[in-house]
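Have a look at model_27.txt; it's compact mmCIF, C-alpha atoms:
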# COMPACT_ATOMS: atom_id res chain seq x y z
CA GLU Y 1 86.26 123.86 101.63
CA PHE Y 2 85.44 127.33 103.00
CA LEU Y 3 88.02 128.95 100.74
CA SER Y 4 86.73 126.94 97.76
CA ALA Y 5 83.19 128.14 98.40
CA ALA Y 6 84.37 131.74 98.88
CA ILE Y 7 86.28 131.66 95.59
CA VAL Y 8 83.33 130.19 93.69
CA VAL Y 9 80.96 132.84 95.02
CA ASN Y 10 83.46 135.61 94.30
CA CYS Y 11 84.23 134.43 90.76
CA LEU Y 12 80.68 133.56 89.72
CA GLY Y 13 78.86 136.25 91.63
CA ASP Y 14 78.28 138.28 88.49
CA VAL Y 15 77.24 135.24 86.45
CA LEU Y 16 74.88 133.18 88.59
CA PRO Y 17 71.98 134.26 90.79
CA PRO Y 18 72.36 134.03 94.59
CA GLN Y 19 70.10 131.00 94.75
CA GLN Y 20 72.44 129.00 92.52
CA LEU Y 21 75.53 130.15 94.38
CA PHE Y 22 73.79 129.08 97.57
CA ARG Y 23 73.32 125.57 96.20
CA ILE Y 24 76.93 125.35 94.98
CA ALA Y 25 78.24 126.43 98.37
CA ALA Y 26 76.12 123.70 99.97
CA CYS Y 27 77.69 121.09 97.68
CA ILE Y 28 81.17 122.21 98.66
CA GLU Y 29 80.34 122.21 102.37
CA ALA Y 30 79.01 118.65 102.12
CA THR Y 31 82.41 117.43 100.89
CA ILE Y 32 84.01 118.09 104.30
CA PRO Y 33 84.77 114.43 105.01
CA PHE Y 34 84.35 111.93 107.81
CA ARG Y 35 81.79 113.65 110.05
CA GLY Y 36 79.48 111.62 112.23
CA CYS Y 37 76.46 112.79 114.18
CA ASP Y 38 76.92 115.58 116.72
CA GLU Y 39 76.22 115.32 120.45
CA ASN Y 40 72.50 115.69 119.73
CA GLY Y 41 72.45 112.88 117.19
CA ILE Y 42 72.11 115.23 114.21
CA SER Y 43 73.99 114.13 111.09
CA ALA Y 44 76.19 116.47 109.09
CA ALA Y 45 73.67 116.36 106.24
CA GLU Y 46 70.75 117.26 108.49
CA ALA Y 47 72.82 120.03 110.06
CA LEU Y 48 73.60 121.37 106.59
CA TYR Y 49 69.92 121.45 105.71
CA ASN Y 50 69.10 123.26 108.96
CA ARG Y 51 71.71 125.92 108.22
CA LEU Y 52 70.38 126.37 104.70
CA VAL Y 53 66.92 127.01 106.12
CA GLN Y 54 68.25 129.44 108.72
CA THR Y 55 70.34 131.30 106.15
CA ARG Y 56 67.42 131.57 103.72
CA ASP Y 57 65.17 132.90 106.48
CA SER Y 58 67.73 135.49 107.59
CA HIS Y 59 68.41 136.59 103.99
CA ALA Y 60 64.87 136.35 102.62
CA VAL Y 61 65.32 139.16 100.09
CA LEU Y 62 68.59 137.84 98.65
CA LEU Y 63 67.41 134.23 98.57
CA TRP Y 64 63.75 134.81 97.70
CA GLY Y 65 61.81 131.97 96.14
CA LEU Y 66 63.65 129.09 97.83
CA THR Y 67 61.18 126.74 99.50
CA ASP Y 68 61.89 124.09 102.11
CA GLN Y 69 61.51 121.49 99.38
CA ASP Y 70 64.09 123.31 97.24
CA LEU Y 71 66.53 123.21 100.13
CA GLU Y 72 65.83 119.53 100.78
CA ILE Y 73 66.60 118.76 97.15
CA ALA Y 74 69.69 120.97 97.31
CA THR Y 75 70.91 119.02 100.34
CA GLN Y 76 70.28 115.68 98.63
CA LYS Y 77 72.26 116.83 95.61
CA ALA Y 78 75.05 118.06 97.88
CA ILE Y 79 75.19 114.64 99.55
CA GLY Y 80 75.38 113.08 96.10
CA VAL Y 81 78.41 115.23 95.30
CA ALA Y 82 80.02 114.37 98.63
CA ASN Y 83 79.47 110.64 98.16
CA ARG Y 84 80.98 110.71 94.69
CA ASP Y 85 83.98 112.51 96.17
CA VAL Y 86 84.72 109.52 98.42
CA GLY Y 87 83.40 106.89 96.01
CA ASN Y 88 86.68 104.98 95.81
CA PHE Y 89 86.14 103.79 99.41
CA ALA Y 90 83.40 101.51 98.06
CA GLY Y 91 85.25 100.48 94.91
CA ASP Y 92 88.23 98.34 94.03
CA PRO Y 93 90.63 98.16 97.03
CA SER Y 94 93.67 98.26 94.76
CA THR Y 95 92.49 101.50 93.15
CA PHE Y 96 91.65 102.89 96.59
CA LEU Y 97 95.23 102.24 97.75
CA CYS Y 98 96.58 103.80 94.55
CA ASN Y 99 94.60 106.97 95.29
CA THR Y 100 95.77 106.89 98.91
CA TRP Y 101 99.39 106.92 97.72
CA LYS Y 102 98.64 109.97 95.60
CA LEU Y 103 97.61 111.82 98.77
CA LEU Y 104 100.81 111.07 100.68
CA PRO Y 105 102.92 113.82 99.02
CA GLU Y 106 100.10 116.33 99.57
CA LEU Y 107 100.17 115.62 103.29
CA ASN Y 108 103.96 115.22 103.68
CA VAL Y 109 106.31 117.84 102.29
CA ALA Y 110 109.32 115.53 102.53
CA LEU Y 111 107.84 113.20 99.93
CA ARG Y 112 107.71 116.05 97.43
CA LYS Y 113 111.44 116.58 97.68
CA THR Y 114 114.32 114.51 96.37
CA ASP Y 115 117.55 113.64 98.07
CA ASP Y 116 120.69 114.81 96.26
CA GLY Y 117 122.44 111.52 96.91
CA GLY Y 118 119.76 109.02 95.94
CA GLY Y 119 117.03 110.87 94.12
CA THR Y 120 114.34 109.72 96.55
CA CYS Y 121 113.07 110.60 99.99
CA GLN Y 122 114.78 109.47 103.15
CA ILE Y 123 113.63 106.18 104.66
CA SER Y 124 112.72 107.93 107.92
CA ASP Y 125 110.57 110.52 106.13
CA TYR Y 126 108.62 107.90 104.23
CA ALA Y 127 108.23 105.73 107.33
CA LEU Y 128 106.81 108.65 109.29
CA ALA Y 129 104.38 109.54 106.48
CA LEU Y 130 103.26 105.93 106.19
CA SER Y 131 102.85 105.64 109.95
CA ARG Y 132 100.53 108.65 110.01
CA MET Y 133 98.39 107.35 107.15
CA THR Y 134 98.27 103.87 108.69
CA GLY Y 135 97.07 105.37 111.96
CA PHE Y 136 94.42 107.41 110.17
CA LEU Y 137 92.97 104.43 108.30
CA ALA Y 138 92.93 102.38 111.50
CA TRP Y 139 90.99 105.21 113.21
CA LEU Y 140 88.51 105.81 110.40
CA ASP Y 141 84.96 104.56 110.99
CA ALA Y 142 83.28 103.11 107.90
CA THR Y 143 79.95 104.65 108.91
CA VAL Y 144 81.19 108.25 108.54
CA VAL Y 145 82.61 107.97 105.03
CA PHE Y 146 79.34 108.12 103.09
CA GLN Y 147 76.33 110.26 103.98
CA GLN Y 148 72.58 109.86 103.67
CA PHE Y 149 69.81 112.45 103.76
CA ARG Y 150 66.09 111.72 103.76
CA GLY Y 151 66.17 108.67 101.54
CA HIS Y 152 69.13 109.66 99.38
CA PRO Y 153 70.81 107.34 98.79
CA SER Y 154 68.29 104.60 99.51
CA ASP Y 155 68.69 102.49 102.64
CA GLU Y 156 69.72 99.52 100.50
CA GLU Y 157 72.39 101.49 98.63
CA TYR Y 158 73.61 103.17 101.79
CA SER Y 159 74.04 99.78 103.50
CA ARG Y 160 75.94 98.51 100.46
CA LEU Y 161 78.27 101.51 100.56
CA ILE Y 162 79.02 101.02 104.26
CA ALA Y 163 79.65 97.28 103.81
CA ALA Y 164 81.97 97.92 100.86
CA THR Y 165 83.80 100.61 102.82
CA ARG Y 166 84.35 98.24 105.73
CA GLN Y 167 85.89 95.71 103.38
CA THR Y 168 88.09 98.33 101.73
CA LEU Y 169 89.30 99.62 105.09
CA GLU Y 170 90.03 96.10 106.32
CA ILE Y 171 92.12 95.36 103.24
CA GLY Y 172 93.70 98.80 103.36
CA ASN Y 173 94.70 98.46 106.99
CA LYS Y 174 96.36 95.10 106.44
CA TYR Y 175 98.14 96.39 103.35
CA MET Y 176 99.34 99.51 105.15
CA ASN Y 177 100.54 97.46 108.12
CA ALA Y 178 102.59 95.19 105.86
CA LYS Y 179 104.06 98.19 104.03
CA LEU Y 180 104.83 99.96 107.29
CA LEU Y 181 106.58 96.90 108.71
CA ALA Y 182 108.71 96.45 105.59
CA LEU Y 183 109.72 100.10 105.59
CA SER Y 184 110.42 100.01 109.33
CA VAL Y 185 112.70 97.01 108.85
CA LEU Y 186 114.63 98.99 106.26
CA ALA Y 187 114.77 101.93 108.69
CA ALA Y 188 116.13 99.59 111.38
CA LEU Y 189 118.80 98.20 109.06
CA ALA Y 190 119.79 101.71 108.04
CA GLU Y 191 119.97 102.84 111.66
CA LEU Y 192 122.19 99.90 112.64
CA THR Y 193 124.56 100.33 109.69
CA GLY Y 194 125.30 104.03 109.73
CA GLY Y 195 122.03 105.91 110.08
CA ASP Y 196 119.21 107.12 107.89
CA ALA Y 197 119.59 106.90 104.12
CA PRO Y 198 117.71 107.60 100.89
CA LEU Y 199 115.13 104.90 100.25
CA SER Y 200 116.67 104.15 96.86
CA HIS Y 201 119.91 103.03 98.53
CA PHE Y 202 118.09 100.07 100.08
CA VAL Y 203 115.48 99.21 97.43
CA GLY Y 204 117.30 100.30 94.26
CA GLY Y 205 115.32 100.74 91.12
CA GLY Y 206 117.13 102.92 88.63
CA SER Y 207 119.24 105.17 90.85
CA LEU Y 208 123.03 105.11 90.87
CA ASN Y 209 124.88 103.08 93.48
CA ALA Y 210 128.17 103.89 95.18
CA ASP Y 211 130.10 102.78 92.08
CA GLY Y 212 128.19 105.11 89.80
CA GLN Y 213 126.33 102.26 88.12
CA GLU Y 214 122.59 101.64 88.00
CA SER Y 215 121.54 99.93 91.20
CA HIS Y 216 119.70 96.65 91.38
CA TRP Y 217 116.04 96.45 92.32
CA ILE Y 218 115.18 94.69 95.58
CA GLY Y 219 112.58 92.68 93.71
CA ASP Y 220 115.38 91.06 91.70
CA TYR Y 221 116.45 89.14 94.79
CA ILE Y 222 113.22 88.51 96.70
CA LYS Y 223 111.36 85.64 95.11
CA VAL Y 224 107.93 85.07 96.59
CA GLU Y 225 104.98 83.65 94.67
CA ALA Y 226 102.64 82.48 97.41
CA PRO Y 227 102.24 82.80 101.19
CA LYS Y 228 104.03 80.28 103.37
CA GLN Y 229 101.91 77.21 103.99
CA GLY Y 230 99.92 77.47 107.21
CA VAL Y 231 100.30 81.24 107.51
CA GLU Y 232 97.04 83.19 107.67
CA VAL Y 233 96.93 86.10 105.25
CA ASP Y 234 94.34 88.00 103.26
CA ASP Y 235 94.77 86.81 99.68
CA THR Y 236 93.70 90.16 98.25
CA VAL Y 237 96.27 92.01 100.36
CA PHE Y 238 99.01 89.59 99.36
CA ARG Y 239 98.22 89.91 95.65
CA ILE Y 240 98.19 93.72 95.78
CA LEU Y 241 101.53 93.72 97.57
CA LEU Y 242 103.01 91.31 95.05
CA ASP Y 243 101.40 92.50 91.81
CA GLY Y 244 101.06 96.19 92.62
CA ARG Y 245 98.32 98.63 93.53
CA GLY Y 246 96.17 100.34 90.92
CA ASP Y 247 96.53 100.44 87.16
CA PRO Y 248 100.13 99.77 85.95
CA ASN Y 249 99.95 102.94 83.87
CA ARG Y 250 98.57 105.13 86.67
CA GLY Y 251 99.68 103.57 89.95
CA THR Y 252 103.27 104.79 90.03
CA SER Y 253 104.62 107.44 92.38
CA THR Y 254 107.88 109.35 92.55
CA PHE Y 255 108.79 107.99 95.99
CA ASP Y 256 107.69 104.35 95.86
CA SER Y 257 106.98 101.52 93.44
CA ARG Y 258 103.59 99.95 92.75
CA THR Y 259 104.80 96.53 93.74
CA SER Y 260 106.08 95.76 97.23
CA PRO Y 261 108.26 92.64 97.12
CA LEU Y 262 109.73 93.06 100.60
CA ALA Y 263 106.32 93.66 102.17
CA ALA Y 264 104.89 90.70 100.23
CA TYR Y 265 107.73 88.50 101.51
CA LEU Y 266 107.25 89.53 105.13
CA TYR Y 267 103.46 89.33 104.96
CA GLY Y 268 103.51 85.96 103.21
CA THR Y 269 106.00 84.58 105.72
CA ILE Y 270 104.66 85.77 109.08
CA GLY Y 271 101.04 86.61 108.22
CA ASP Y 272 98.69 89.11 109.81
CA ALA Y 273 99.44 87.94 113.34
CA GLY Y 274 103.19 88.23 112.86
CA VAL Y 275 102.89 91.68 111.32
CA GLU Y 276 100.82 92.89 114.26
CA ARG Y 277 103.35 91.51 116.77
CA SER Y 278 106.31 93.16 115.08
CA LEU Y 279 104.51 96.49 114.64
CA LYS Y 280 104.47 96.82 118.43
CA HIS Y 281 108.19 97.58 118.18
CA VAL Y 282 107.84 100.18 115.43
CA VAL Y 283 108.48 103.80 116.40
CA HIS Y 284 109.38 106.89 114.39
CA PRO Y 285 112.03 108.11 114.50
CA ILE Y 286 113.67 104.78 115.19
CA ASN Y 287 116.78 104.42 117.36
CA THR Y 288 119.30 101.64 117.99
CA ALA Y 289 117.34 99.95 120.78
CA ASN Y 290 114.06 100.05 118.81
CA SER Y 291 115.82 98.76 115.71
CA GLN Y 292 117.25 95.79 117.56
CA ALA Y 293 113.91 95.01 119.21
CA LEU Y 294 112.12 95.13 115.86
CA LEU Y 295 114.57 92.76 114.21
CA ARG Y 296 114.42 90.38 117.19
CA SER Y 297 110.63 90.23 116.83
CA LEU Y 298 111.04 88.58 113.42
CA PRO Y 299 112.17 85.00 112.74
CA ARG Y 300 115.95 84.79 112.38
CA ILE Y 301 115.71 83.28 108.93
CA VAL Y 302 113.60 86.22 107.80
CA VAL Y 303 116.04 88.80 109.18
CA ASN Y 304 118.99 87.07 107.54
CA GLU Y 305 117.17 86.87 104.22
CA VAL Y 306 116.32 90.58 104.27
CA ILE Y 307 119.85 91.55 105.27
CA THR Y 308 121.31 89.40 102.49
CA VAL Y 309 119.02 90.97 99.92
CA CYS Y 310 119.69 94.51 101.11
CA SER Y 311 123.45 93.95 101.06
CA LYS Y 312 123.16 93.23 97.33
CA VAL Y 313 121.20 96.40 96.68
CA ALA Y 314 122.67 98.83 99.23
CA THR Y 315 126.26 98.34 98.10
CA ILE Y 316 127.33 101.41 100.03
CA ARG Y 317 126.31 99.58 103.25
CA SER Y 318 127.17 96.04 102.14
CA ASP Y 319 130.03 95.47 104.60
CA GLU Y 320 128.06 96.85 107.55
CA LEU Y 321 125.04 94.73 106.62
CA GLN Y 322 127.13 91.57 106.39
CA ARG Y 323 128.58 92.24 109.82
CA LEU Y 324 125.08 92.85 111.18
CA ALA Y 325 123.94 89.50 109.79
CA GLY Y 326 126.39 87.81 112.13
CA HIS Y 327 124.25 88.89 115.09
CA TYR Y 328 121.18 87.13 113.71

Now that the file is in, can you turn its structure into structure tokens?
Amino acid sequence: EFLSAAIVVNCLGDVLPPQQLFRIAACIEATIPFRGCDENGISAAEALYNRLVQTRDSHAVLLWGLTDQDLEIATQKAIGVANRDVGNFAGDPSTFLCNTWKLLPELNVALRKTDDGGGTCQISDYALALSRMTGFLAWLDATVVFQQFRGHPSDEEYSRLIAATRQTLEIGNKYMNAKLLALSVLAALAELTGGDAPLSHFVGGGSLNADGQESHWIGDYIKVEAPKQGVEVDDTVFRILLDGRGDPNRGTSTFDSRTSPLAAYLYGTIGDAGVERSLKHVVHPINTANSQALLRSLPRIVVNEVITVCSKVATIRSDELQRLAGHY
């Protein structure tokens, strides 16, 4: 944000007056996300306003004509920009998750690369990236996503934004947990059958298998239409896992599919409680002992089903997977 503001001021310094540049810089500063009140109980928005006043007073000649009311309005507009920047937190959860997936390559270099053998990232790289994002969403407090300054937005609208954000984060956390468990199970199977591998080897989807032919898609073999009877799940989470996040024409990524058949199967079979129990055994990077513990935390019938499906997709590991199935 500092560099963005510096570039704007540098590029537009000969075009706009200092007062306008001052306001633009305030808008950019306000977009620094997820800041609560400081130790004195002062919000980020109030702190921004105070700094605007101090800066105007110390540069009275350069910033002449700006009144306290001007700076209050400038701060309110800056908060408006900041709230629009994070607006998807209070919108459709599926779209929110789609946008979250777009951020993953920005934050994880490994997801921007392709593996020469499979054309996708390694399972371990994706699992680590997903683990970090899952931890971040679990940490994030809904009350620090949107900001308010002196009646803007209104108390009613601000309360609505916070409530919507809480719901989005709840759905997002459950979705991320299910995705992380599914990916960790694949990482465990890979570890126990020869070590890490490209994600495409275990989920398929257009890459070439060991025989040089187009591989099958894991969704071809996992048939799940509804959660298991008696299992507690969030219906919205289950549908997003099964039907895909975001718009079909915009929700794709280079390292993962929109739909998550394996995660939908696991989530629909063991529910939120089962996912949370199994996630206690998830570590990154995963080793043999952790892999075995993770698989033992799942029902045997589930482990055998996943192994059977993966053996049909990961033909290069088919024999090892079949032998592994004998232990479960």

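From CA of Gln148 (chain Y) back to CA of His59 (chain Y), the distance works out to 27.1 Å.
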
Residues near Arg258 (chain Y), anyone? I mean within 12 Å using all atoms listed in the file, not counting same-chain ones fewer than 3 positions away, as a ChimeraX atom specification.
/Y:94-95,97-99,101-102,179,205,219,239-255,261,263-264

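When only C-alpha atoms are used to measure the gap to Ala182 (chain Y), the shortest distance among Y:Leu298, Y:Thr165, Y:Phe89, Y:Gly151 belongs to Y:Leu298.
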
Kindly extract all protein, DNA and RNA residues lying within 10 Å of the coordinates (120.0, 102.0, 107.8) given in the file, considering all atoms listed in the file, and supply them as an NGL selection string.
:Y and (123-124 or 184-199 or 201-202 or 291 or 314 or 317 or 320-321)

Selection as a PyMOL selection string: residues within 8 Å of (70.1, 110.5, 98.2), counting all atoms listed in the file:
chain Y and resi 76-77+79-80+148-154

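Counting from CA of Ala82 (chain Y), the distance to CA of Arg23 (chain Y) is 13.3 Å.
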
Computed interatomic separation between CA of Gln292 (chain Y) and CA of Cys310 (chain Y) (Å)
16.7 Å
